[in-house]
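> My file is work-v3.txt. It has compact mmCIF, C-alpha atoms:
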# COMPACT_ATOMS: atom_id res chain seq x y z
CA MET N 1 85.78 -12.85 39.48
CA GLN N 2 83.87 -10.60 41.86
CA GLY N 3 80.85 -8.66 40.58
CA THR N 4 80.25 -5.02 41.57
CA GLY N 5 77.17 -5.90 43.61
CA LEU N 6 75.53 -2.64 42.48
CA PRO N 7 72.18 -2.14 40.71
CA ALA N 8 72.60 -1.45 36.98
CA LYS N 9 71.43 2.18 37.20
CA ILE N 10 73.81 3.02 40.05
CA GLN N 11 76.66 1.24 38.27
CA GLU N 12 75.92 3.31 35.15
CA SER N 13 75.87 6.55 37.19
CA PHE N 14 79.40 5.77 38.38
CA GLY N 15 80.56 5.42 34.77
CA LEU N 16 81.19 1.67 35.09
CA PRO N 17 80.95 -0.42 31.91
CA PRO N 18 77.94 -2.77 32.04
CA THR N 19 80.11 -5.92 31.88
CA ILE N 20 82.76 -4.89 34.41
CA LYS N 21 83.85 -7.29 37.12
CA PHE N 22 86.55 -6.80 39.73
CA GLY N 23 88.97 -9.70 40.21
CA GLY N 24 90.06 -10.81 43.63
CA PRO N 25 91.55 -13.89 45.33
CA PHE N 26 88.47 -14.53 47.52
CA PRO N 27 87.25 -17.24 47.42
CA PHE N 28 89.10 -18.08 44.18
CA ALA N 29 87.33 -21.08 42.71
CA GLY N 30 89.78 -21.33 39.81
CA MET N 31 89.57 -20.83 36.05
CA ASN N 32 86.52 -21.53 33.89
CA ALA N 33 87.20 -21.34 30.16
CA GLN N 34 84.11 -23.36 29.17
CA ALA N 35 81.37 -20.77 29.59
CA SER N 36 81.10 -17.26 28.18
CA ARG N 37 82.73 -14.55 30.26
CA LEU N 38 79.37 -13.14 31.29
CA ALA N 39 78.17 -16.57 32.47
CA ILE N 40 81.04 -17.70 34.69
CA GLY N 41 80.63 -17.60 38.46
CA ASP N 42 81.79 -14.66 40.55
CA PRO N 43 84.67 -16.58 42.19
CA GLU N 44 85.95 -17.84 38.82
CA PHE N 45 88.39 -16.37 36.32
CA TYR N 46 88.02 -16.74 32.55
CA TRP N 47 91.77 -16.67 32.08
CA LEU N 48 94.78 -16.67 34.40
CA GLU N 49 98.22 -16.22 32.94
CA ASN N 50 101.20 -17.11 35.12
CA LEU N 51 99.15 -16.87 38.33
CA ILE N 52 98.97 -19.65 40.92
CA LYS N 53 97.14 -19.93 44.22
CA ILE N 54 99.48 -20.46 47.16
CA GLY N 55 96.89 -19.94 49.90
CA ASP N 56 93.53 -18.38 50.70
CA GLY N 57 93.64 -14.80 49.49
CA ASN N 58 97.16 -15.27 48.18
CA VAL N 59 97.86 -15.42 44.43
CA ARG N 60 101.39 -15.21 43.08
CA ALA N 61 102.70 -14.49 39.59
CA VAL N 62 105.17 -16.92 38.03
CA PRO N 63 107.86 -15.20 35.91
CA ASP N 64 107.87 -16.07 32.22
CA LEU N 65 110.90 -16.90 30.12
CA GLY N 66 111.87 -14.81 27.13
CA PRO N 67 113.42 -11.50 26.09
CA ALA N 68 112.70 -8.29 27.99
CA LEU N 69 109.71 -6.37 26.63
CA TYR N 70 111.60 -3.08 27.00
CA THR N 71 115.16 -2.06 27.78
CA THR N 72 116.20 1.55 28.26
CA PRO N 73 118.48 2.54 25.33
CA ALA N 74 122.14 3.17 26.16
CA ALA N 75 121.80 6.80 25.04
CA ASP N 76 118.93 7.34 27.48
CA ALA N 77 120.36 8.21 30.90
CA ARG N 78 117.01 7.83 32.63
CA THR N 79 116.26 5.16 35.23
CA ILE N 80 113.02 3.17 35.40
CA ILE N 81 111.47 3.74 38.84
CA SER N 82 108.28 1.67 38.44
CA PHE N 83 105.99 0.02 35.93
CA SER N 84 102.36 -1.07 35.82
CA TRP N 85 100.45 -3.54 33.64
CA PHE N 86 97.02 -2.60 32.31
CA ASN N 87 94.73 -3.21 29.36
CA ILE N 88 92.71 -0.99 27.04
CA GLY N 89 90.02 -3.27 25.68
CA PRO N 90 91.63 -6.56 24.63
CA THR N 91 95.12 -5.07 24.24
CA ASN N 92 97.67 -5.42 27.05
CA TYR N 93 100.18 -2.68 27.86
CA VAL N 94 102.75 -1.76 30.47
CA ALA N 95 103.25 1.83 31.66
CA ILE N 96 106.92 2.52 32.41
CA PHE N 97 107.72 5.49 34.66
CA PHE N 98 111.14 7.18 34.69
CA ASP N 99 113.04 9.20 37.30
CA ASP N 100 112.61 12.43 35.29
CA GLY N 101 108.81 12.24 35.47
CA GLY N 102 108.36 10.96 31.91
CA ALA N 103 106.57 7.75 30.97
CA LEU N 104 106.11 5.36 28.07
CA GLN N 105 103.34 2.96 27.10
CA ILE N 106 104.73 -0.31 25.75
CA GLY N 107 102.42 -2.76 24.00
CA THR N 108 102.95 -6.50 24.10
CA ASP N 109 103.31 -6.21 20.33
CA GLY N 110 106.37 -3.99 20.84
CA SER N 111 104.59 -0.69 20.10
CA THR N 112 105.76 2.39 22.01
CA LEU N 113 103.84 5.58 22.79
CA THR N 114 104.90 8.54 24.94
CA MET N 115 102.62 9.21 27.91
CA ALA N 116 104.74 12.09 29.24
CA THR N 117 107.89 13.50 27.63
CA ALA N 118 111.38 13.04 29.02
CA GLY N 119 112.26 15.61 31.69
CA SER N 120 108.66 16.74 32.08
CA HIS N 121 108.38 15.81 35.80
CA VAL N 122 104.73 14.98 35.17
CA PHE N 123 104.42 11.74 37.14
CA TYR N 124 107.42 11.91 39.46
CA HIS N 125 109.64 14.44 41.22
CA ALA N 126 113.05 13.50 42.63
CA GLY N 127 112.73 12.22 46.18
CA GLY N 128 108.95 12.03 46.05
CA PRO N 129 106.62 9.04 46.06
CA TYR N 130 106.22 6.82 43.03
CA PRO N 131 103.01 7.14 40.98
CA ALA N 132 100.11 4.87 41.98
CA THR N 133 98.09 3.26 39.18
CA VAL N 134 94.98 1.16 38.65
CA GLY N 135 93.21 -0.02 35.51
CA TRP N 136 89.60 1.11 35.16
CA GLY N 137 87.14 -1.07 33.27
CA GLY N 138 89.52 -1.79 30.41
CA ILE N 139 89.01 1.85 29.37
CA TYR N 140 91.58 3.90 31.32
CA LEU N 141 94.74 3.64 33.35
CA LEU N 142 94.19 5.90 36.37
CA ILE N 143 97.38 7.47 37.76
CA ALA N 144 97.82 9.50 40.96
CA ASN N 145 100.60 11.05 43.03
CA ASN N 146 100.91 13.80 45.64
CA ASN N 147 104.05 15.63 44.59
CA THR N 148 101.92 18.71 43.82
CA SER N 149 98.23 19.55 44.04
CA ASN N 150 95.88 17.93 41.53
CA ASP N 151 98.28 15.09 40.70
CA TYR N 152 95.76 12.79 39.05
CA TRP N 153 95.42 11.60 35.48
CA ALA N 154 93.45 9.28 33.21
CA TRP N 155 95.24 7.65 30.27
CA ASP N 156 93.09 6.08 27.52
CA GLY N 157 95.92 4.53 25.55
CA LYS N 158 96.38 7.63 23.37
CA VAL N 159 95.60 10.81 25.32
CA LEU N 160 96.51 11.89 28.87
CA TYR N 161 93.79 13.72 30.81
CA GLY N 162 94.47 15.62 34.02
CA ALA N 163 93.47 18.60 36.11
CA GLY N 164 92.39 21.47 33.85
CA THR N 165 91.66 19.33 30.78
CA VAL N 166 88.30 18.34 29.37
CA SER N 167 86.74 14.98 30.15
CA PRO N 168 87.63 12.01 27.93
CA GLN N 169 83.92 11.41 27.35
CA VAL N 170 82.03 13.71 24.96
CA ASP N 171 78.24 13.86 25.38
CA LEU N 172 76.83 14.00 21.84
CA THR N 173 73.44 15.69 22.34
CA SER N 174 72.45 15.42 18.67
CA GLY N 175 74.10 13.70 15.73
CA GLY N 176 72.56 15.98 13.11
CA SER N 177 71.75 14.83 9.60
CA SER N 178 72.76 15.13 5.93
CA TYR N 179 76.51 15.17 6.52
CA VAL N 180 78.41 13.99 3.44
CA THR N 181 81.91 14.77 4.70
CA THR N 182 83.42 15.15 8.17
CA PRO N 183 82.40 18.53 9.66
CA THR N 184 84.78 20.99 11.30
CA VAL N 185 84.52 21.23 15.09
CA GLN N 186 84.86 24.50 17.02
CA VAL N 187 85.11 24.25 20.82
CA LEU N 188 83.51 27.05 22.84
CA GLY N 189 82.87 27.80 26.49
CA GLY N 190 84.77 27.36 29.69
CA SER N 191 87.92 29.11 30.82
CA GLY N 192 90.48 26.89 29.05
CA SER N 193 91.61 26.29 25.49
CA GLY N 194 93.46 23.89 23.21
CA VAL N 195 90.83 21.16 22.81
CA VAL N 196 90.92 19.29 19.49
CA LEU N 197 88.02 16.97 18.60
CA LYS N 198 87.57 14.54 15.72
CA PRO N 199 83.99 13.62 14.73
CA THR N 200 83.00 10.40 12.98
CA ILE N 201 79.97 10.34 10.67
CA PHE N 202 77.81 7.39 9.65
CA ASN N 203 74.72 7.49 7.45
CA GLY N 204 74.85 11.28 7.42
CA SER N 205 75.00 11.76 11.21
CA VAL N 206 77.78 12.39 13.71
CA VAL N 207 77.93 9.15 15.70
CA SER N 208 80.98 9.75 17.89
CA VAL N 209 83.55 12.38 18.83
CA GLU N 210 87.15 11.49 19.68
CA VAL N 211 89.34 13.75 21.83
CA LEU N 212 92.68 14.26 20.05
CA ALA N 213 93.92 16.94 22.48
CA PRO N 214 92.27 17.57 25.88
CA GLY N 215 93.34 21.22 26.19
CA GLY N 216 94.12 22.88 29.51
CA GLY N 217 93.17 25.70 31.85
CA TYR N 218 89.59 24.55 32.49
CA THR N 219 88.07 24.82 35.97
CA PRO N 220 85.38 22.75 37.74
CA GLY N 221 81.93 23.79 36.55
CA ASP N 222 83.04 24.80 33.06
CA VAL N 223 80.64 23.72 30.32
CA VAL N 224 82.54 23.13 27.08
CA GLN N 225 80.52 22.85 23.86
CA ALA N 226 81.43 21.60 20.39
CA ILE N 227 79.98 23.39 17.39
CA PHE N 228 79.93 21.50 14.08
CA SER N 229 80.10 23.27 10.73
CA GLY N 230 80.69 22.22 7.14
CA GLY N 231 80.30 18.68 5.91
CA GLY N 232 77.04 19.51 4.16
CA ALA N 233 74.93 20.34 7.24
CA ASP N 234 75.57 23.86 8.50
CA ASP N 235 72.21 24.52 10.11
CA GLY N 236 72.98 23.60 13.75
CA GLY N 237 72.18 26.40 16.18
CA TYR N 238 74.34 28.05 18.81
CA LEU N 239 74.70 31.35 20.69
CA VAL N 240 77.83 33.26 21.67
CA ALA N 241 78.34 35.24 24.90
CA ASN N 242 80.79 38.04 25.67
CA LEU N 243 81.50 40.08 28.78
CA THR N 244 81.14 43.80 29.20
CA PRO N 245 84.73 45.12 29.47
CA THR N 246 85.96 44.62 33.03
CA SER N 247 89.08 43.80 35.03
CA VAL N 248 90.79 40.79 36.63
CA ASN N 249 90.34 40.34 40.38
CA GLN N 250 92.16 37.07 41.16
CA VAL N 251 94.10 34.11 39.80
CA ILE N 252 93.18 30.56 40.78
CA ILE N 253 96.19 28.20 40.88
CA LEU N 254 95.40 25.09 38.84
CA ASP N 255 98.88 23.61 39.21
CA GLY N 256 101.65 25.02 41.38
CA GLY N 257 104.37 23.59 39.15
CA HIS N 258 107.71 22.39 40.50
CA ASP N 259 111.41 23.19 40.99
CA TYR N 260 110.98 26.99 41.32
CA THR N 261 113.95 28.56 43.08
CA SER N 262 112.58 32.09 42.86
CA ALA N 263 109.18 33.63 42.18
CA PRO N 264 108.34 33.50 38.46
CA THR N 265 106.94 36.44 36.50
CA VAL N 266 103.15 36.41 36.11
CA SER N 267 101.83 37.54 32.70
CA PHE N 268 98.32 38.09 31.33
CA THR N 269 97.59 37.73 27.60
CA SER N 270 94.29 38.74 25.99
CA PRO N 271 93.16 40.15 22.63
CA SER N 272 90.83 42.54 24.48
CA GLY N 273 91.97 44.15 27.72
CA SER N 274 95.36 45.00 29.21
CA GLY N 275 97.10 46.19 32.34
CA ALA N 276 96.56 43.28 34.75
CA THR N 277 99.58 42.58 36.97
CA ALA N 278 100.31 40.09 39.74
CA THR N 279 103.10 38.54 41.78
CA ALA N 280 103.65 34.86 42.64
CA THR N 281 104.65 33.37 45.99
CA ILE N 282 106.54 30.06 46.11
CA ASN N 283 107.08 27.48 48.83
CA ALA N 284 109.21 24.34 48.47
CA GLY N 285 109.57 24.93 44.75
CA THR N 286 105.83 25.29 44.10
CA ILE N 287 103.67 28.36 43.51
CA VAL N 288 101.29 28.60 46.47
CA ALA N 289 99.69 32.01 45.90
CA VAL N 290 99.23 34.70 43.27
CA THR N 291 98.55 38.24 44.51
CA MET N 292 96.92 40.76 42.16
CA THR N 293 98.74 44.11 42.07
CA GLY N 294 96.56 45.59 39.31
CA GLY N 295 93.29 44.44 37.73
CA GLY N 296 93.76 46.14 34.36
CA SER N 297 90.75 47.10 32.25
CA GLY N 298 88.88 46.37 29.02
CA TYR N 299 88.84 42.56 29.35
CA THR N 300 85.89 40.96 27.56
CA ASP N 301 87.06 37.45 28.37
CA ALA N 302 89.41 35.95 30.94
CA PRO N 303 93.04 36.47 29.87
CA VAL N 304 95.51 33.60 29.66
CA VAL N 305 97.81 33.43 32.68
CA SER N 306 101.44 32.35 32.18
CA PHE N 307 104.41 31.94 34.54
CA THR N 308 107.96 32.46 33.25
CA GLY N 309 111.36 32.33 34.90
CA GLY N 310 112.15 31.27 38.43
CA GLY N 311 113.92 28.08 37.34
CA GLY N 312 110.82 25.88 37.47
CA SER N 313 108.00 24.82 35.18
CA GLY N 314 104.53 23.31 35.01
CA ALA N 315 102.55 26.05 36.78
CA GLN N 316 99.08 26.86 35.50
CA GLY N 317 96.62 29.53 36.61
CA GLN N 318 93.12 30.73 35.72
CA ALA N 319 92.26 34.43 35.72
CA MET N 320 88.91 35.36 37.31
CA MET N 321 87.04 38.46 36.20
CA VAL N 322 85.27 41.00 38.37
CA ALA N 323 81.70 39.75 38.80
CA VAL N 324 79.31 41.31 36.28
CA PRO N 325 75.75 40.46 35.09
CA LEU N 326 74.64 39.32 31.65
CA VAL N 327 72.78 42.02 29.70
CA GLY N 328 71.30 40.48 26.53
CA VAL N 329 71.32 38.07 23.58
CA SER N 330 71.78 38.82 19.86
CA VAL N 331 70.77 36.50 17.01
CA VAL N 332 73.57 35.93 14.51
CA ASN N 333 72.03 33.01 12.60
CA PRO N 334 68.27 32.39 13.01
CA GLY N 335 68.21 28.76 11.82
CA THR N 336 65.08 27.02 10.53
CA ASN N 337 62.20 24.67 11.36
CA TYR N 338 61.61 25.46 15.05
CA PHE N 339 57.98 24.46 15.65
CA GLY N 340 58.04 24.97 19.41
CA VAL N 341 59.67 27.55 21.64
CA PRO N 342 63.05 26.11 22.73
CA THR N 343 64.31 26.34 26.30
CA ILE N 344 67.27 28.61 27.10
CA THR N 345 69.57 27.73 30.02
CA PHE N 346 72.81 29.31 31.24
CA LYS N 347 75.65 27.05 32.42
CA GLY N 348 79.00 27.98 33.94
CA GLY N 349 80.41 31.46 34.40
CA PHE N 350 80.31 31.14 38.22
CA GLY N 351 77.03 33.11 38.33
CA SER N 352 73.41 32.03 38.64
CA GLY N 353 69.78 33.01 38.19
CA ALA N 354 69.72 34.24 34.57
CA THR N 355 66.66 33.47 32.42
CA ALA N 356 65.80 34.35 28.79
CA THR N 357 62.83 34.41 26.41
CA VAL N 358 62.95 33.16 22.79
CA ILE N 359 61.00 34.80 19.95
CA LEU N 360 60.28 32.67 16.85
CA SER N 361 59.33 33.70 13.33
CA GLY N 362 56.45 31.23 13.01
CA PRO N 363 57.45 27.57 12.48
CA GLY N 364 61.01 28.34 11.57
CA PRO N 365 64.08 30.32 12.61
CA LEU N 366 64.85 32.04 15.88
CA VAL N 367 64.31 35.80 15.68
CA SER N 368 65.72 36.97 18.98
CA ILE N 369 66.50 36.01 22.56
CA THR N 370 65.74 38.57 25.26
CA ILE N 371 66.46 38.70 28.97
CA PRO N 372 63.51 40.21 30.86
CA PRO N 373 64.29 43.08 33.25
CA GLY N 374 65.70 41.81 36.51
CA GLN N 375 66.28 38.28 35.15
CA GLY N 376 69.99 38.56 34.32
CA GLY N 377 71.09 36.64 37.39
CA SER N 378 74.15 37.64 39.40
CA GLY N 379 77.77 36.87 40.14
CA TYR N 380 78.96 36.04 36.60
CA THR N 381 82.74 36.41 36.35
CA THR N 382 83.44 34.37 33.19
CA LEU N 383 81.43 33.57 30.09
CA PRO N 384 78.58 31.13 30.73
CA ASN N 385 77.29 28.91 27.96
CA VAL N 386 73.73 29.52 26.77
CA VAL N 387 72.24 26.18 25.80
CA ILE N 388 69.21 25.87 23.50
CA THR N 389 67.13 22.74 24.08
CA ASP N 390 64.74 21.82 21.26
CA GLY N 391 63.64 18.86 19.19
CA GLY N 392 65.28 20.19 16.02
CA SER N 393 68.13 18.62 14.10
CA GLY N 394 71.63 19.85 13.46
CA THR N 395 74.49 19.16 15.87
CA GLY N 396 73.06 21.15 18.79
CA ALA N 397 72.25 24.71 19.74
CA THR N 398 74.65 26.87 21.72
CA ALA N 399 74.67 30.47 22.96
CA VAL N 400 77.35 32.76 24.26
CA VAL N 401 76.57 35.74 26.47
CA SER N 402 77.29 38.96 24.58
CA SER N 403 77.31 41.38 27.49
CA ILE N 404 77.52 41.23 31.27
CA GLN N 405 77.25 44.13 33.66
CA GLY N 406 77.56 44.03 37.44
CA GLY N 407 77.52 40.24 37.49
CA VAL N 408 74.18 40.10 35.61
CA ILE N 409 73.57 38.74 32.08
CA GLN N 410 72.41 41.57 29.80
CA SER N 411 72.56 40.14 26.26
CA ILE N 412 73.12 36.92 24.30
CA LEU N 413 74.59 36.47 20.83
CA LEU N 414 72.89 33.75 18.75
CA THR N 415 75.53 32.50 16.33
CA ALA N 416 73.67 29.51 14.89
CA PRO N 417 70.08 28.58 15.63
CA GLY N 418 69.71 24.93 14.66
CA ALA N 419 67.11 23.30 12.43
CA ASP N 420 64.31 20.73 12.13
As structure tokens, please, write out the structure in this file.

Amino acid sequence: MQGTGLPAKIQESFGLPPTIKFGGPFPFAGMNAQASRLAIGDPEFYWLENLIKIGDGNVRAVPDLGPALYTTPAADARTIISFSWFNIGPTNYVAIFFDDGGALQIGTDGSTLTMATAGSHVFYHAGGPYPATVGWGGIYLLIANNNTSNDYWAWDGKVLYGAGTVSPQVDLTSGGSSYVTTPTVQVLGGSGSGVVLKPTIFNGSVVSVEVLAPGGGYTPGDVVQAIFSGGGADDGGYLVANLTPTSVNQVIILDGGHDYTSAPTVSFTSPSGSGATATATINAGTIVAVTMTGGGSGYTDAPVVSFTGGGGSGAQGQAMMVAVPLVGVSVVNPGTNYFGVPTITFKGGFGSGATATVILSGPGPLVSITIPPGQGGSGYTTLPNVVITDGGSGTGATAVVSSIQGGVIQSILLTAPGAD
């Protein structure tokens, strides 16, 4: 086995597991099953199944005897175009890709799980290249193609992550305390939606968060936050931000979709504003541009963009608001037990430069958060997250901007202040 050759800190910054090693046929000293896996030499393998050396840098697999692991059912008219072996932890799987873009994960124990539904054209389009795959650290199967833009995915054995979804790794900033049952998780921030998280508690604290659904519609730079409530510990702090009513000025194409024979209809859905209109332009069956024909008015958050008709599917877009500033912060829940002034930072929203001041009621709850004159930053087009950093307990403090004007933050809504 070949080591990474990287210092531990750099290896960690790349997201590599601490015990990862990359196998290769050079110089291939053979198999060593006597020592622990961490102790064997770099050119040695702990286990080789059906592999033989036939020359320097040349290892060949020997077919095994036995029944096929998977056979396409007679009622399934699909054709297998490629397959790839990988492992998630100690469990071995094979990813089977079909000519309609769907895929299955088959375990060596006979288990079957859908990676992409039949007819979805997720991983493959007719006449295009086959998907390329590589296992990553026994944690993910990485998949890529170039049929459309942003054709890359990470599969963790249960959930498929791709462009516009959240990351498979959740950074738990504080586990909180005194939980007796599993808390409810609310996901805030960013321009997307649909994320479902499942927390695990141990000894009264949240120790891990599993992604059950990765959502969609998120853009680079989005900061997505999880707010925990219920479970016997409801004192975690967070703030909520909203935009001053404004209009839509552009649509960013997250995925151009496929198989469009005519331009689809572009629709905007929002509980606040209305009136935004746009037209789509297609090329080779894919949406390549969206032109705004009307910005609408009254939008306090970015509307959901949808594409219908045109004979194709799979297109995704993100509406961008007219740049406005943040104008203030309001306290909804003051929390308890703050003994020092917490730090307020603004993340996301495509703007920059906003600062805020926190007012405490002695050693205890937050009273208010104010933005000094001229400190609202500039260029904010979507809701930034307002993050409270403090040594208190609870599951973390979060803020959402309550008003933006001219690209500058004007106010912040404090929806839960945290504790301890």
> Could you state the separation of CA of Asp76 in chain N and CA of Asn150 in chain N in Å, given to one decimal place?
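Atom-to-atom, CA of Asp76 in chain N to CA of Asn150 in chain N, that is 29.0 Å.
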> Between CA of Gly309 in chain N and CA of Val288 in chain N, measure the distance and give it in Å to one decimal.
15.8 Å
> If you measure from CA of Leu212 in chain N to CA of Gly175 in chain N, what distance in Å do you get, rounded to one decimal?
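Interatomic distance, CA of Leu212 in chain N to CA of Gly175 in chain N: 19.1 Å.
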> Which residue is closest to Met320 in chain N? Choose from N:Ala68, N:Met292, N:Ala280, N:Ile96 and count all atoms listed in the file.
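Going through N:Ala68, N:Met292, N:Ala280, N:Ile96 one by one, the smallest distance to Met320 in chain N is for N:Met292.
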> Identify which of the residues N:Val180, N:Val207, N:Leu65, N:Ala29 lies closest to Gly230 in chain N, counting only C-alpha atoms when measuring atom-to-atom distances.
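Closest to Gly230 in chain N, using only C-alpha atoms: N:Val180.
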> Would you mind telling me which residue in N:Leu142, N:Ala35, N:Leu197, N:Ala319 lies nearest to Val166 in chain N when using only C-alpha atoms?
N:Leu197
> Which residue, N:Gly107, N:Gly298, N:Gly89, N:Pro264, has the smallest gap to Asp156 in chain N when you use only C-alpha atoms?
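Of the candidates, the smallest distance to Asp156 in chain N is held by N:Gly89.
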> So that I can see what lies close to Gln318 in chain N, please list as a list in words the residues with an atom at most 7 Å from it, counting all atoms listed in the file and leaving out residues fewer than 2 positions away in the same chain.
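Neighbouring residues, sequence-local ones excluded: Gly217, Val251, Ile252, Ile253, Leu254, Val305 and Met320 of chain N.
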> Point out the residue among N:Gly231, N:Gly285, N:Gly162, N:Gly128 with the least atom-to-atom distance to Ser177 in chain N, counting only C-alpha atoms.
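Checking each of N:Gly231, N:Gly285, N:Gly162, N:Gly128 against Ser177 in chain N, counting only C-alpha atoms, the winner is N:Gly231.
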> May I ask which of the residues N:Gly101, N:Pro168, N:Gly189, N:Gly194 is the closest one to Val223 in chain N, counting all atoms listed in the file?
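Among the listed residues, N:Gly189 lies closest to Val223 in chain N.
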